[in-house]
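*Asks:* A single structure is presented below for examination.
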Amino acid sequence: MTRVKLVLASASPRRRELLMQVGLEFDVVPSNVPEEPIHGETPEEHVIRLSVDKAREVGRRCSHGEECWIIGSDTIVLSDGKVFGKPEDDREAARMLSMLSGRKHRVITGYCILNSLTGAEIKRSVETVVFFKKLRPREIVGYVESGEPMDKAGGYAIQGIGSFMVERIEGSYSNVVGLPVCQIVNDLEMAGAVSLFSK
């Protein structure tokens, strides 16, 4: 049960579905923050910074005097120190998948839960390790042709067709989809913003 107004600062349908699955009620207000890296920051610092910026930017749009809890987030895929964002075209998607093939990579999601009235912030990063099978060239071509990789960090969707590539994971499954639901819900409950099973 949602006790206060929740706002998801993201246009991602996957993040929206994850929060809906646990019964939360919320508004969707996508942020307008550019997702640019800053030289020298760690992957964890990068995703947390963007999450905070997104939550604050959307928070400034809340009605004056209204208490909103805004959830900002950002997800990256990391392999051998290289960040894999969303592919710009089919060729880049195929290149990403070839580089991830037969190897493990890290999926890091940062999130910020911001109280627009008090300015209080809860911010964390959560990491999951994903192990890919060795992909055949025809599998890469076929998957890219499906169109699924195009708006996904790392060029794949673990909850979609891309599940055929994933041998196993270490850590949160929902984190790979786009939000570490267990951790976010726990923080919302601890902050008194939600209570999933209250009478």
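Chain labels follow the order of the structure tokens: the first chain is A, the next B, and so on; residue numbering restarts at 1 in every chain, and ligands are counted from 1 in their shown order.
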Give me, as a Markdown table, the closest atom pair and its distance (Å, one decimal) for every residue of region 117-189 of chain A within a cut-off of 8 Å of region 85-97 of chain A, counting only C-alpha atoms, rows sorted by chain and rising number.
*Replies:*
```
| residue | atom | partner | partner_atom | distance |
| --- | --- | --- | --- | --- |
| A:Ile140 | CA | A:Ala94 | CA | 6.2 |
| A:Val141 | CA | A:Ala94 | CA | 7.0 |
| A:Val144 | CA | A:Asp90 | CA | 6.2 |
| A:Glu145 | CA | A:Asp90 | CA | 7.8 |
| A:Pro149 | CA | A:Ala93 | CA | 6.5 |
| A:Met150 | CA | A:Pro87 | CA | 5.8 |
| A:Asp151 | CA | A:Lys86 | CA | 5.6 |
| A:Lys152 | CA | A:Lys86 | CA | 5.2 |
| A:Ala153 | CA | A:Lys86 | CA | 4.4 |
| A:Gly154 | CA | A:Gly85 | CA | 5.6 |
| A:Gly155 | CA | A:Ala93 | CA | 5.4 |
| A:Tyr156 | CA | A:Leu97 | CA | 7.9 |
```
*Asks:* Region 130-133 of chain A: which residues within 8 Å, counting only C-alpha atoms, same-chain residues fewer than 6 positions away excluded, as a list in words?
*Replies:*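 Neighbouring residues, sequence-local ones excluded: Leu100, Ser101, Gly102, Arg103, Lys104, His105, Arg106, Val107, Met165, Val166, Glu167, Arg168, Ile169 and Glu170 of chain A.
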*Asks:* Extract, using only C-alpha atoms, all DNA, RNA and protein residues at most 7 Å from region 114-119 of chain A, discarding same-chain residues fewer than 4 positions from it, and format them as a ChimeraX atom specification.
*Replies:* /A:55,59,65-71
*Asks:* Do you have, as JSON lines, the list of residues of region 46-142 of chain A lying at most 10 Å from region 10-25 of chain A, each with its nearest atom pair and that distance in Å to one decimal, counting only C-alpha atoms and ordered by chain then number?
*Replies:*
```
{"residue": "A:Ser51", "atom": "CA", "partner": "A:Ser10", "partner_atom": "CA", "distance": 10.0}
{"residue": "A:Lys54", "atom": "CA", "partner": "A:Ser10", "partner_atom": "CA", "distance": 8.3}
{"residue": "A:Ala55", "atom": "CA", "partner": "A:Ser10", "partner_atom": "CA", "distance": 9.3}
{"residue": "A:Val58", "atom": "CA", "partner": "A:Ser10", "partner_atom": "CA", "distance": 9.5}
{"residue": "A:Ile71", "atom": "CA", "partner": "A:Ser10", "partner_atom": "CA", "distance": 8.2}
{"residue": "A:Gly72", "atom": "CA", "partner": "A:Ser10", "partner_atom": "CA", "distance": 6.9}
{"residue": "A:Ser73", "atom": "CA", "partner": "A:Ser10", "partner_atom": "CA", "distance": 7.5}
{"residue": "A:Asp74", "atom": "CA", "partner": "A:Ser10", "partner_atom": "CA", "distance": 9.0}
```
*Asks:* Go ahead and dump the residues you just picked, N, CA and C atoms, as a PDB file, in the first residue's frame.
*Replies:*
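Saved file part_5.pdb follows:
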```pdb
ATOM      1  N   SER A  51      21.156   9.227 -10.934  1.00  0.00           N
ATOM      2  CA  SER A  51      19.906   8.944 -10.217  1.00  0.00           C
ATOM      3  C   SER A  51      19.480  10.138  -9.369  1.00  0.00           C
ATOM      4  N   LYS A  54      18.328  13.002 -11.668  1.00  0.00           N
ATOM      5  CA  LYS A  54      16.998  12.742 -12.228  1.00  0.00           C
ATOM      6  C   LYS A  54      15.912  12.972 -11.179  1.00  0.00           C
ATOM      7  N   ALA A  55      16.139  12.463  -9.962  1.00  0.00           N
ATOM      8  CA  ALA A  55      15.139  12.638  -8.905  1.00  0.00           C
ATOM      9  C   ALA A  55      14.957  14.112  -8.559  1.00  0.00           C
ATOM     10  N   VAL A  58      13.047  16.071 -11.403  1.00  0.00           N
ATOM     11  CA  VAL A  58      11.613  15.811 -11.367  1.00  0.00           C
ATOM     12  C   VAL A  58      11.004  16.384 -10.084  1.00  0.00           C
ATOM     13  N   ILE A  71      11.533   8.546  -7.326  1.00  0.00           N
ATOM     14  CA  ILE A  71      12.534   7.496  -7.541  1.00  0.00           C
ATOM     15  C   ILE A  71      13.248   7.769  -8.852  1.00  0.00           C
ATOM     16  N   GLY A  72      14.527   8.125  -8.755  1.00  0.00           N
ATOM     17  CA  GLY A  72      15.373   8.289  -9.931  1.00  0.00           C
ATOM     18  C   GLY A  72      16.329   7.110 -10.022  1.00  0.00           C
ATOM     19  N   SER A  73      16.668   6.700 -11.228  1.00  0.00           N
ATOM     20  CA  SER A  73      17.564   5.541 -11.362  1.00  0.00           C
ATOM     21  C   SER A  73      18.334   5.593 -12.668  1.00  0.00           C
ATOM     22  N   ASP A  74      19.414   4.837 -12.694  1.00  0.00           N
ATOM     23  CA  ASP A  74      20.224   4.703 -13.903  1.00  0.00           C
ATOM     24  C   ASP A  74      20.923   3.356 -13.868  1.00  0.00           C
TER      25      ASP A  74
END
```
*Asks:* Would you pick out the contacts of Ser174 (chain A) at 10 Å or less, using only C-alpha atoms, so that residues sharing its chain but fewer than 4 positions from it are not included, and give the list as a PyMOL selection string?
*Replies:* chain A and resi 14-15+18+128+158-159+178-182
*Asks:* One number please: CA of Glu35 (chain A) to CA of Cys62 (chain A), in Å, one decimal.
*Replies:* 21.8 Å
*Asks:* Enumerate, as a PyMOL selection string, the complete set of residues in region 66-146 of chain A that a backbone-based DSSP assignment places in helix (DSSP H, G or I).
*Replies:* chain A and resi 90-100+137-145
*Asks:* Write a file of the selected residues as a PDB file, in the first residue's frame, keeping C-alpha atoms.
*Replies:*
```pdb
ATOM      1  CA  ASP A  90      22.233  -2.714 -35.294  1.00  0.00           C
ATOM      2  CA  ARG A  91      25.981  -2.775 -35.900  1.00  0.00           C
ATOM      3  CA  GLU A  92      26.766  -1.466 -32.422  1.00  0.00           C
ATOM      4  CA  ALA A  93      24.300  -3.910 -30.858  1.00  0.00           C
ATOM      5  CA  ALA A  94      26.020  -6.814 -32.625  1.00  0.00           C
ATOM      6  CA  ARG A  95      29.429  -5.550 -31.528  1.00  0.00           C
ATOM      7  CA  MET A  96      28.301  -5.324 -27.896  1.00  0.00           C
ATOM      8  CA  LEU A  97      26.877  -8.833 -27.915  1.00  0.00           C
ATOM      9  CA  SER A  98      30.055 -10.209 -29.496  1.00  0.00           C
ATOM     10  CA  MET A  99      32.123  -8.617 -26.746  1.00  0.00           C
ATOM     11  CA  LEU A 100      29.863  -9.993 -23.993  1.00  0.00           C
ATOM     12  CA  PRO A 137      27.148 -15.621 -35.084  1.00  0.00           C
ATOM     13  CA  ARG A 138      23.660 -16.546 -36.292  1.00  0.00           C
ATOM     14  CA  GLU A 139      22.297 -16.071 -32.767  1.00  0.00           C
ATOM     15  CA  ILE A 140      23.729 -12.568 -32.604  1.00  0.00           C
ATOM     16  CA  VAL A 141      22.363 -11.690 -36.045  1.00  0.00           C
ATOM     17  CA  GLY A 142      18.942 -13.136 -35.273  1.00  0.00           C
ATOM     18  CA  TYR A 143      18.678 -11.423 -31.919  1.00  0.00           C
ATOM     19  CA  VAL A 144      19.669  -8.054 -33.342  1.00  0.00           C
ATOM     20  CA  GLU A 145      17.105  -8.511 -36.119  1.00  0.00           C
TER      21      GLU A 145
END
```
*Asks:* Take CA of Leu196 (chain A) and CA of Ile76 (chain A) and report the distance between them in Å, one decimal.
*Replies:*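 CA of Ile76 (chain A) lies 28.7 Å from CA of Leu196 (chain A).
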*Asks:* Gly110 (chain A): which residues within 8 Å, counting only C-alpha atoms, same-chain residues fewer than 3 positions away excluded, as a PyMOL selection string?
*Replies:* chain A and resi 44+47-48+50-51+73-75+123-126
